[in-house]
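Everything below belongs to input-v2.pdb, which stores PDB, C-alpha atoms.
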```
ATOM      1  CA  MET Y   1     126.894 114.325 125.904
ATOM      2  CA  ALA Y   2     125.084 114.925 122.644
ATOM      3  CA  ILE Y   3     125.755 111.383 121.529
ATOM      4  CA  ALA Y   4     124.343 109.950 124.796
ATOM      5  CA  VAL Y   5     121.176 112.026 124.447
ATOM      6  CA  ALA Y   6     120.741 110.881 120.855
ATOM      7  CA  LYS Y   7     121.067 107.226 121.802
ATOM      8  CA  GLN Y   8     118.545 107.309 124.662
ATOM      9  CA  PRO Y   9     115.365 107.416 122.510
ATOM     10  CA  ALA Y  10     116.685 104.539 120.404
ATOM     11  CA  ASN Y  11     117.304 102.475 123.547
ATOM     12  CA  ASN Y  12     113.786 103.191 124.776
ATOM     13  CA  ARG Y  13     112.329 102.081 121.451
ATOM     14  CA  SER Y  14     114.424  98.933 121.614
ATOM     15  CA  ARG Y  15     113.116  98.116 125.078
ATOM     16  CA  ARG Y  16     109.512  98.678 123.978
ATOM     17  CA  THR Y  17     110.091  96.450 120.954
ATOM     18  CA  ARG Y  18     111.433  93.643 123.156
ATOM     19  CA  ARG Y  19     108.485  93.943 125.560
ATOM     20  CA  LEU Y  20     105.810  94.006 122.875
ATOM     21  CA  PRO Y  21     105.692  90.209 122.214
ATOM     22  CA  TYR Y  22     105.309  89.508 125.941
ATOM     23  CA  LEU Y  23     102.517  92.068 126.229
ATOM     24  CA  LEU Y  24     100.710  90.484 123.278
ATOM     25  CA  ILE Y  25     100.851  86.945 124.710
ATOM     26  CA  ALA Y  26     100.062  88.069 128.267
ATOM     27  CA  PRO Y  27      96.239  87.674 127.932
ATOM     28  CA  ALA Y  28      96.578  84.128 126.561
ATOM     29  CA  ALA Y  29      99.152  83.267 129.230
ATOM     30  CA  LEU Y  30      96.839  84.509 131.982
ATOM     31  CA  LEU Y  31      93.955  82.472 130.587
ATOM     32  CA  MET Y  32      96.125  79.358 130.430
ATOM     33  CA  LEU Y  33      97.267  80.000 133.985
ATOM     34  CA  GLY Y  34      93.670  80.263 135.140
ATOM     35  CA  PHE Y  35      92.291  77.284 133.216
ATOM     36  CA  ILE Y  36      95.254  74.910 133.602
ATOM     37  CA  ALA Y  37      97.387  75.842 136.595
ATOM     38  CA  TYR Y  38      94.544  76.486 139.031
ATOM     39  CA  PRO Y  39      92.743  73.141 138.403
ATOM     40  CA  MET Y  40      96.032  71.263 138.718
ATOM     41  CA  ILE Y  41      96.865  72.952 142.025
ATOM     42  CA  SER Y  42      93.304  72.363 143.225
ATOM     43  CA  VAL Y  43      93.471  68.630 142.416
ATOM     44  CA  LEU Y  44      96.829  68.335 144.168
ATOM     45  CA  TYR Y  45      95.394  70.076 147.237
ATOM     46  CA  TYR Y  46      92.330  67.843 147.456
ATOM     47  CA  SER Y  47      94.468  64.733 146.928
ATOM     48  CA  LEU Y  48      95.898  65.411 150.389
ATOM     49  CA  GLN Y  49      92.441  65.738 151.932
ATOM     50  CA  ASP Y  50      89.633  63.471 153.073
ATOM     51  CA  TYR Y  51      86.835  65.122 151.119
ATOM     52  CA  ASN Y  52      83.547  63.247 150.755
ATOM     53  CA  VAL Y  53      80.413  65.384 150.478
ATOM     54  CA  THR Y  54      78.270  62.572 151.869
ATOM     55  CA  LYS Y  55      80.446  62.316 155.009
ATOM     56  CA  PRO Y  56      81.405  65.897 155.873
ATOM     57  CA  TRP Y  57      82.285  64.994 159.469
ATOM     58  CA  ARG Y  58      85.278  63.016 158.194
ATOM     59  CA  ASN Y  59      86.657  65.773 155.970
ATOM     60  CA  GLY Y  60      90.084  67.151 156.785
ATOM     61  CA  PHE Y  61      93.774  66.832 156.085
ATOM     62  CA  ALA Y  62      94.734  63.253 155.198
ATOM     63  CA  GLY Y  63      98.388  63.639 154.231
ATOM     64  CA  MET Y  64      99.634  60.744 152.098
ATOM     65  CA  SER Y  65      96.974  58.279 153.248
ATOM     66  CA  ASN Y  66      95.066  58.490 149.967
ATOM     67  CA  PHE Y  67      98.205  57.572 148.010
ATOM     68  CA  THR Y  68      99.051  54.790 150.456
ATOM     69  CA  ARG Y  69      95.568  53.382 149.954
ATOM     70  CA  ILE Y  70      95.977  53.487 146.162
ATOM     71  CA  PHE Y  71      99.155  51.414 146.071
ATOM     72  CA  THR Y  72      98.513  49.055 148.976
ATOM     73  CA  ASP Y  73      94.784  48.606 149.444
ATOM     74  CA  ASP Y  74      92.971  49.160 146.143
ATOM     75  CA  PRO Y  75      92.915  46.230 143.687
ATOM     76  CA  ARG Y  76      90.494  48.165 141.455
ATOM     77  CA  PHE Y  77      93.251  50.717 140.801
ATOM     78  CA  TRP Y  78      95.651  48.050 139.533
ATOM     79  CA  HIS Y  79      92.928  46.411 137.437
ATOM     80  CA  SER Y  80      91.913  49.724 135.854
ATOM     81  CA  LEU Y  81      95.559  50.633 135.212
ATOM     82  CA  ASP Y  82      96.198  47.241 133.588
ATOM     83  CA  PHE Y  83      93.161  47.641 131.345
ATOM     84  CA  SER Y  84      94.160  51.225 130.488
ATOM     85  CA  LEU Y  85      97.606  50.096 129.341
ATOM     86  CA  ARG Y  86      96.187  47.236 127.252
ATOM     87  CA  TRP Y  87      93.587  49.573 125.790
ATOM     88  CA  VAL Y  88      96.173  52.197 124.806
ATOM     89  CA  VAL Y  89      98.672  49.732 123.301
ATOM     90  CA  VAL Y  90      96.071  47.875 121.220
ATOM     91  CA  GLU Y  91      94.258  51.002 120.079
ATOM     92  CA  ILE Y  92      97.355  53.006 119.157
ATOM     93  CA  GLY Y  93      98.977  50.068 117.377
ATOM     94  CA  LEU Y  94      95.915  49.292 115.249
ATOM     95  CA  GLN Y  95      95.034  52.934 114.609
ATOM     96  CA  LEU Y  96      98.581  53.705 113.453
ATOM     97  CA  VAL Y  97      98.825  50.748 111.073
ATOM     98  CA  ILE Y  98      95.365  51.221 109.565
ATOM     99  CA  GLY Y  99      95.703  55.016 109.474
ATOM    100  CA  LEU Y 100      99.057  54.783 107.680
ATOM    101  CA  ALA Y 101      97.623  52.303 105.159
ATOM    102  CA  LEU Y 102      94.672  54.595 104.433
ATOM    103  CA  ALA Y 103      96.939  57.651 104.167
ATOM    104  CA  LEU Y 104      99.150  55.849 101.645
ATOM    105  CA  LEU Y 105      96.064  54.767  99.719
ATOM    106  CA  VAL Y 106      94.349  58.158  99.436
ATOM    107  CA  ASN Y 107      97.698  59.794  98.649
ATOM    108  CA  GLN Y 108      97.664  58.018  95.290
ATOM    109  CA  THR Y 109      96.147  59.557  92.192
ATOM    110  CA  PHE Y 110      92.918  57.855  91.105
ATOM    111  CA  VAL Y 111      89.367  58.686  90.077
ATOM    112  CA  GLY Y 112      87.224  59.639  93.073
ATOM    113  CA  ARG Y 113      90.163  60.440  95.333
ATOM    114  CA  GLY Y 114      88.388  63.462  96.827
ATOM    115  CA  MET Y 115      85.336  61.417  97.782
ATOM    116  CA  SER Y 116      87.550  58.662  99.195
ATOM    117  CA  ARG Y 117      89.375  61.169 101.378
ATOM    118  CA  ALA Y 118      86.078  62.584 102.633
ATOM    119  CA  LEU Y 119      84.853  59.094 103.549
ATOM    120  CA  VAL Y 120      88.112  58.276 105.354
ATOM    121  CA  PHE Y 121      88.060  61.489 107.372
ATOM    122  CA  SER Y 122      84.309  61.661 108.096
ATOM    123  CA  PRO Y 123      84.276  59.538 111.325
ATOM    124  CA  TRP Y 124      86.585  62.091 112.962
ATOM    125  CA  ALA Y 125      83.803  64.693 112.717
ATOM    126  CA  VAL Y 126      81.373  62.533 114.717
ATOM    127  CA  SER Y 127      81.179  63.160 118.473
ATOM    128  CA  GLY Y 128      82.056  60.414 120.939
ATOM    129  CA  VAL Y 129      78.526  60.038 122.275
ATOM    130  CA  LEU Y 130      77.063  59.839 118.761
ATOM    131  CA  THR Y 131      79.714  57.279 117.802
ATOM    132  CA  THR Y 132      78.712  55.219 120.813
ATOM    133  CA  THR Y 133      75.034  55.419 119.839
ATOM    134  CA  ILE Y 134      75.825  54.173 116.336
ATOM    135  CA  TRP Y 135      77.819  51.214 117.627
ATOM    136  CA  MET Y 136      75.297  50.374 120.324
ATOM    137  CA  LEU Y 137      72.709  50.044 117.553
ATOM    138  CA  LEU Y 138      75.095  47.857 115.577
ATOM    139  CA  TYR Y 139      75.781  45.655 118.605
ATOM    140  CA  ASN Y 140      72.119  45.386 119.572
ATOM    141  CA  PRO Y 141      71.408  41.625 119.786
ATOM    142  CA  SER Y 142      67.855  42.050 118.450
ATOM    143  CA  THR Y 143      68.283  44.536 115.594
ATOM    144  CA  GLY Y 144      72.033  44.900 115.066
ATOM    145  CA  MET Y 145      74.651  43.132 113.013
ATOM    146  CA  THR Y 146      74.866  40.157 115.388
ATOM    147  CA  ARG Y 147      71.359  39.151 114.292
ATOM    148  CA  TYR Y 148      72.396  39.103 110.628
ATOM    149  CA  LEU Y 149      75.565  37.218 111.492
ATOM    150  CA  ALA Y 150      73.398  34.654 113.269
ATOM    151  CA  ASP Y 151      71.240  34.430 110.123
ATOM    152  CA  ALA Y 152      74.432  33.577 108.225
ATOM    153  CA  GLY Y 153      75.303  30.869 110.751
ATOM    154  CA  ILE Y 154      77.939  32.929 112.627
ATOM    155  CA  GLY Y 155      77.277  33.180 116.352
ATOM    156  CA  SER Y 156      73.920  32.775 118.031
ATOM    157  CA  TYR Y 157      70.704  34.776 118.297
ATOM    158  CA  GLY Y 158      70.387  37.097 121.269
ATOM    159  CA  HIS Y 159      74.135  37.131 121.987
ATOM    160  CA  SER Y 160      75.288  40.551 123.249
ATOM    161  CA  LEU Y 161      78.897  41.344 122.430
ATOM    162  CA  LEU Y 162      78.942  44.079 125.069
ATOM    163  CA  SER Y 163      77.729  41.805 127.864
ATOM    164  CA  ASP Y 164      80.121  38.948 127.190
ATOM    165  CA  PRO Y 165      83.485  39.301 129.024
ATOM    166  CA  HIS Y 166      85.169  37.403 126.191
ATOM    167  CA  THR Y 167      84.030  39.784 123.427
ATOM    168  CA  VAL Y 168      83.439  43.163 125.089
ATOM    169  CA  PHE Y 169      87.075  44.280 124.823
ATOM    170  CA  TRP Y 170      87.339  43.759 121.075
ATOM    171  CA  ALA Y 171      83.855  45.145 120.503
ATOM    172  CA  ALA Y 172      84.891  48.367 122.251
ATOM    173  CA  VAL Y 173      88.218  48.394 120.382
ATOM    174  CA  LEU Y 174      86.414  48.165 117.031
ATOM    175  CA  ALA Y 175      84.109  51.066 117.904
ATOM    176  CA  GLU Y 176      87.024  53.270 118.950
ATOM    177  CA  LEU Y 177      89.033  52.268 115.876
ATOM    178  CA  TRP Y 178      86.290  53.635 113.631
ATOM    179  CA  ARG Y 179      86.614  57.019 115.342
ATOM    180  CA  GLY Y 180      90.384  57.113 115.899
ATOM    181  CA  VAL Y 181      91.842  55.913 112.588
ATOM    182  CA  PRO Y 182      91.020  59.173 110.694
ATOM    183  CA  PHE Y 183      93.209  61.139 113.134
ATOM    184  CA  PHE Y 184      96.302  59.241 112.004
ATOM    185  CA  ALA Y 185      95.207  59.280 108.371
ATOM    186  CA  ILE Y 186      94.819  63.081 108.372
ATOM    187  CA  LEU Y 187      98.167  63.845 110.019
ATOM    188  CA  LEU Y 188     100.146  61.277 108.042
ATOM    189  CA  LEU Y 189      98.576  62.281 104.722
ATOM    190  CA  ALA Y 190      99.528  65.917 105.359
ATOM    191  CA  ASP Y 191     103.149  64.892 105.933
ATOM    192  CA  LEU Y 192     103.150  62.464 103.005
ATOM    193  CA  GLN Y 193     102.345  65.290 100.619
ATOM    194  CA  SER Y 194     105.494  67.144 101.705
ATOM    195  CA  ILE Y 195     107.835  64.334 100.602
ATOM    196  CA  PRO Y 196     109.645  65.360  97.385
ATOM    197  CA  LYS Y 197     108.550  63.242  94.430
ATOM    198  CA  ASP Y 198     112.119  63.272  93.151
ATOM    199  CA  LEU Y 199     113.117  60.853  95.910
ATOM    200  CA  TYR Y 200     110.654  58.224  94.710
ATOM    201  CA  GLU Y 201     111.623  58.776  91.051
ATOM    202  CA  ALA Y 202     115.318  58.351  91.865
ATOM    203  CA  ALA Y 203     114.588  55.227  93.921
ATOM    204  CA  SER Y 204     112.541  53.749  91.057
ATOM    205  CA  VAL Y 205     115.367  54.404  88.623
ATOM    206  CA  ASP Y 206     117.746  52.625  91.008
ATOM    207  CA  GLY Y 207     115.416  49.624  91.051
ATOM    208  CA  ALA Y 208     114.038  50.033  94.593
ATOM    209  CA  SER Y 209     110.758  48.208  95.190
ATOM    210  CA  ARG Y 210     107.665  49.809  96.729
ATOM    211  CA  LEU Y 211     108.449  48.083 100.021
ATOM    212  CA  ARG Y 212     112.011  49.427 100.123
ATOM    213  CA  GLN Y 213     110.743  52.902  99.271
ATOM    214  CA  LEU Y 214     108.313  52.640 102.183
ATOM    215  CA  PHE Y 215     111.017  51.711 104.719
ATOM    216  CA  HIS Y 216     113.825  53.924 103.393
ATOM    217  CA  ILE Y 217     111.967  57.043 102.224
ATOM    218  CA  THR Y 218     108.399  57.232 103.525
ATOM    219  CA  LEU Y 219     108.734  56.042 107.127
ATOM    220  CA  PRO Y 220     111.936  58.005 107.911
ATOM    221  CA  HIS Y 221     110.255  61.154 106.613
ATOM    222  CA  LEU Y 222     107.123  60.441 108.665
ATOM    223  CA  LYS Y 223     109.064  59.722 111.867
ATOM    224  CA  ASP Y 224     108.257  62.966 113.699
ATOM    225  CA  ALA Y 225     104.626  62.906 112.577
ATOM    226  CA  ILE Y 226     104.265  59.314 113.777
ATOM    227  CA  VAL Y 227     105.894  60.057 117.147
ATOM    228  CA  LEU Y 228     103.764  63.143 117.753
ATOM    229  CA  SER Y 229     100.493  61.578 116.593
ATOM    230  CA  THR Y 230     101.013  58.386 118.622
ATOM    231  CA  LEU Y 231     101.868  60.408 121.733
ATOM    232  CA  LEU Y 232      98.829  62.679 121.412
ATOM    233  CA  ARG Y 233      96.503  59.819 120.647
ATOM    234  CA  ALA Y 234      97.938  57.695 123.471
ATOM    235  CA  VAL Y 235      97.170  60.475 125.957
ATOM    236  CA  TRP Y 236      93.635  60.824 124.563
ATOM    237  CA  GLU Y 237      93.012  57.085 124.618
ATOM    238  CA  PHE Y 238      94.354  56.799 128.156
ATOM    239  CA  ASN Y 239      91.901  59.532 129.181
ATOM    240  CA  ASN Y 240      89.058  57.988 127.178
ATOM    241  CA  VAL Y 241      85.844  58.227 129.168
ATOM    242  CA  ASP Y 242      82.957  59.150 126.867
ATOM    243  CA  LEU Y 243      82.912  56.104 124.584
ATOM    244  CA  LEU Y 244      83.505  53.444 127.238
ATOM    245  CA  TYR Y 245      81.186  55.127 129.739
ATOM    246  CA  THR Y 246      78.250  55.247 127.319
ATOM    247  CA  LEU Y 247      79.063  51.960 125.531
ATOM    248  CA  THR Y 248      79.747  49.634 128.454
ATOM    249  CA  GLY Y 249      79.659  51.765 131.612
ATOM    250  CA  GLY Y 250      82.933  50.077 132.559
ATOM    251  CA  GLY Y 251      81.292  46.657 132.590
ATOM    252  CA  PRO Y 252      80.609  43.870 132.503
ATOM    253  CA  ALA Y 253      81.868  43.452 136.088
ATOM    254  CA  GLY Y 254      84.420  46.236 135.634
ATOM    255  CA  GLN Y 255      86.092  44.541 132.660
ATOM    256  CA  THR Y 256      86.328  47.776 130.632
ATOM    257  CA  THR Y 257      87.015  50.282 133.399
ATOM    258  CA  THR Y 258      89.967  52.522 132.550
ATOM    259  CA  LEU Y 259      91.762  54.518 135.231
ATOM    260  CA  PRO Y 260      90.062  57.830 134.232
ATOM    261  CA  LEU Y 261      86.685  56.059 134.222
ATOM    262  CA  TYR Y 262      87.461  54.717 137.696
ATOM    263  CA  VAL Y 263      88.280  58.285 138.763
ATOM    264  CA  ALA Y 264      84.963  59.525 137.354
ATOM    265  CA  ASN Y 265      83.016  56.777 139.116
ATOM    266  CA  THR Y 266      84.823  57.447 142.399
ATOM    267  CA  GLY Y 267      84.205  61.171 142.273
ATOM    268  CA  LEU Y 268      80.779  61.446 140.667
ATOM    269  CA  ASP Y 269      79.105  58.264 141.914
ATOM    270  CA  GLY Y 270      80.995  57.708 145.178
ATOM    271  CA  HIS Y 271      81.353  61.440 145.975
ATOM    272  CA  ASP Y 272      84.840  60.733 147.335
ATOM    273  CA  PHE Y 273      86.555  63.708 145.738
ATOM    274  CA  GLY Y 274      89.674  63.486 147.885
ATOM    275  CA  TYR Y 275      90.472  59.943 146.774
ATOM    276  CA  ALA Y 276      89.462  60.733 143.188
ATOM    277  CA  SER Y 277      91.906  63.667 143.220
ATOM    278  CA  ALA Y 278      94.670  61.359 144.449
ATOM    279  CA  LEU Y 279      93.892  58.919 141.619
ATOM    280  CA  THR Y 280      93.989  61.819 139.149
ATOM    281  CA  THR Y 281      97.380  62.914 140.468
ATOM    282  CA  VAL Y 282      98.777  59.405 140.069
ATOM    283  CA  ALA Y 283      97.382  59.202 136.513
ATOM    284  CA  PHE Y 284      98.991  62.566 135.696
ATOM    285  CA  VAL Y 285     102.394  61.421 136.969
ATOM    286  CA  ILE Y 286     102.119  58.175 134.981
ATOM    287  CA  LEU Y 287     101.269  60.048 131.776
ATOM    288  CA  LEU Y 288     104.027  62.609 132.330
ATOM    289  CA  PHE Y 289     106.644  59.922 132.964
ATOM    290  CA  PHE Y 290     105.772  57.835 129.910
ATOM    291  CA  SER Y 291     105.429  60.908 127.669
ATOM    292  CA  VAL Y 292     108.913  62.180 128.556
ATOM    293  CA  LEU Y 293     110.371  58.672 128.280
ATOM    294  CA  TYR Y 294     108.724  58.117 124.885
ATOM    295  CA  LEU Y 295     109.997  61.428 123.509
ATOM    296  CA  ARG Y 296     113.511  60.686 124.756
ATOM    297  CA  LEU Y 297     113.608  57.153 123.355
ATOM    298  CA  SER Y 298     112.118  58.183 120.000
ATOM    299  CA  LYS Y 299     114.517  61.168 119.705
ATOM    300  CA  PHE Y 300     111.627  63.373 118.630
ATOM    301  CA  GLY Y 301     112.797  66.371 116.584
ATOM    302  CA  GLY Y 302     116.184  64.811 115.809
ATOM    303  CA  ASP Y 303     117.671  64.083 112.413
ATOM    304  CA  ARG Y 304     115.711  61.693 110.239
ATOM    305  CA  ALA Y 305     117.464  58.430 109.601
TER     306      ALA Y 305
END
```
Please express what this file holds, its structure, as structure tokens.
Amino acid sequence: MAIAVAKQPANNRSRRTRRLPYLLIAPAALLMLGFIAYPMISVLYYSLQDYNVTKPWRNGFAGMSNFTRIFTDDPRFWHSLDFSLRWVVVEIGLQLVIGLALALLVNQTFVGRGMSRALVFSPWAVSGVLTTTIWMLLYNPSTGMTRYLADAGIGSYGHSLLSDPHTVFWAAVLAELWRGVPFFAILLLADLQSIPKDLYEAASVDGASRLRQLFHITLPHLKDAIVLSTLLRAVWEFNNVDLLYTLTGGGPAGQTTTLPLYVANTGLDGHDFGYASALTTVAFVILLFFSVLYLRLSKFGGDRA
């Protein structure tokens, strides 16, 4: 009996110790539940409704009709999805290659390395709207770089890159590259600095070239960083609204309308919040599917080759 009484306080302390971490994270968990779970449930609810503030007499339960309309009677959805996929693939591919090259460059030891790193990372500190303003000034046909290119015999005077369907895509890609490349450079540089120097010294002694060191030492070590950074950036680029909305407005003639921008136009301009919620739900499912598939195929977190 005495032994049982002596053990009881220790058991109580053990229980309190196990509960303490959950009590400490409870406030953050409740905030996440309020700011993430509630909006998601709300969007799912409205996706099953006819909800247009300009036509309140038609509001009510719609069932799956919004989703049926998306896949069978909305060519703008398929066009925006096609552009979104092209936008993500081109942007992520170029940002990764250029970001990796810059990270490898500023990882070297040379005079002015600190200033070079600051210049490489500085575009990341600029907001999306300010980035758009800078590039709109550069693309201005009267005062921007196209005028000076015309002076040099390249192109013609008064040609607007953002109004031409043949050039607007790459003009927008270039503007987003300037803002997105530093993200990859920062993450990859941080991981590059954790690679043991002994590996490169041993490879040099064995006669391995810089190219072989890149493919057999650097890239395998950076695998998880590359997978994570490309996934995060792909989600952000897919959801890109600010730059394209202020740079092109989705034009000309809807040529640069991504799926999230189509959702914003449907909800904010068309006031059809029920259909916009259905589009948002479809976009969420698409992102979730490709994110899980990408992580599975890339074996994220597994052993480095």
I'd like the neighbourhood of Asn59 of chain Y as JSON, numbers by chain, where a residue qualifies if any of its atoms comes within 6 Å (using all atoms listed in the file), though same-chain residues fewer than 3 positions away should be ignored.
{"Y": [50, 51, 56]}
Output C-alpha atoms of each residue in that selection to a file, as a PDB file, in the frame of the given file.
```
ATOM      1  CA  ASP Y  50      89.633  63.471 153.073  1.00  0.00           C
ATOM      2  CA  TYR Y  51      86.835  65.122 151.119  1.00  0.00           C
ATOM      3  CA  PRO Y  56      81.405  65.897 155.873  1.00  0.00           C
TER       4      PRO Y  56
END
```
Interatomic distance, atom CA of Leu102 of chain Y to atom CA of Ala185 of chain Y (Å, one decimal)
6.1 Å
Applying the PyMOL selection byres ((chain Y and resi 139) around 10) to the file I just gave you, which residues come out? Please list them as an MDAnalysis selection string.
chainID Y and resid 133:138 140:147 159:162 171 175 247
Closest of Y:Val181, Y:Met115, Y:Ala26, Y:Val43 to Val282 of chain Y - atom-to-atom distances counting only C-alpha atoms:
Y:Val43
First collect every listed atom of segment 161-174 of chain Y; then fit an axis-aligned box around them, widen it by 5 Å on each side, and give centre and edge lengths in Å to one decimal, as JSON.
```
{"center_x": 83.0, "center_y": 42.9, "center_z": 123.0, "size_x": 20.5, "size_y": 21.0, "size_z": 22.0}
```
Tell me which protein, DNA and RNA residues are within 10 Å of Ser298 of chain Y, counting only C-alpha atoms, leaving out same-chain ones fewer than 3 positions away, and put them as a list in words.
Lys223, Asp224, Val227, Leu228, Val292, Leu293, Tyr294, Leu295, Gly301 and Gly302 of chain Y
Selected residue, from Y:Leu232, Y:Leu268, Y:Leu188, Y:Leu219, that lies nearest to Val106 of chain Y when counting all atoms listed in the file:
Y:Leu188
Between atom CA of Leu261 of chain Y and atom CA of Gly158 of chain Y, what distance in Å does the model show, to one decimal?
28.2 Å
Could you list, as number ranges by chain, every residue matched by the PyMOL selection byres ((chain Y and resi 90-97) around 12) in this structure?
Y: 83-89, 98-104, 169-188, 219, 222, 225-238, 240
Neighbours of Phe284 of chain Y within 12 Å (only C-alpha atoms; same-chain residues fewer than 3 positions away dropped), as a list in words?
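The residues that qualify are Met40, Val43, Leu44, Val235, Phe238, Asn239, Leu259, Pro260, Val263, Ser277, Ala278, Leu279, Thr280, Thr281, Leu287, Leu288, Phe289, Phe290 and Ser291 of chain Y.
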For atom CA of Ala150 of chain Y and atom CA of Thr167 of chain Y, the interatomic separation in Å (one decimal)
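These two atoms are separated by 15.6 Å.
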Nearest-residue call for Leu192 of chain Y, choices Y:Leu105, Y:Leu211, Y:Ala152, Y:Phe300, using all atoms listed in the file:
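Of Y:Leu105, Y:Leu211, Y:Ala152, Y:Phe300, the one nearest Leu192 of chain Y is Y:Leu105, counting all atoms listed in the file.
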Check the smallest atom-to-atom distance from each of Y:Gly112, Y:Gly60, Y:Pro165, Y:Gly153 to Gly254 of chain Y using only C-alpha atoms, then report the winner.
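Ranking Y:Gly112, Y:Gly60, Y:Pro165, Y:Gly153 by distance to Gly254 of chain Y, first place goes to Y:Pro165.
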Select, from Y:Met32, Y:Val53, Y:Ala253, Y:Ile195, the residue with the minimum atom-to-atom distance to Asp269 of chain Y, counting only C-alpha atoms.
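Comparing Y:Met32, Y:Val53, Y:Ala253, Y:Ile195 against Asp269 of chain Y, the winner is Y:Val53.
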Have a look at Y:Pro27, Y:Arg16, Y:Pro252, Y:Val120 and name the one nearest to Asp164 of chain Y; count all atoms listed in the file.
Y:Pro252
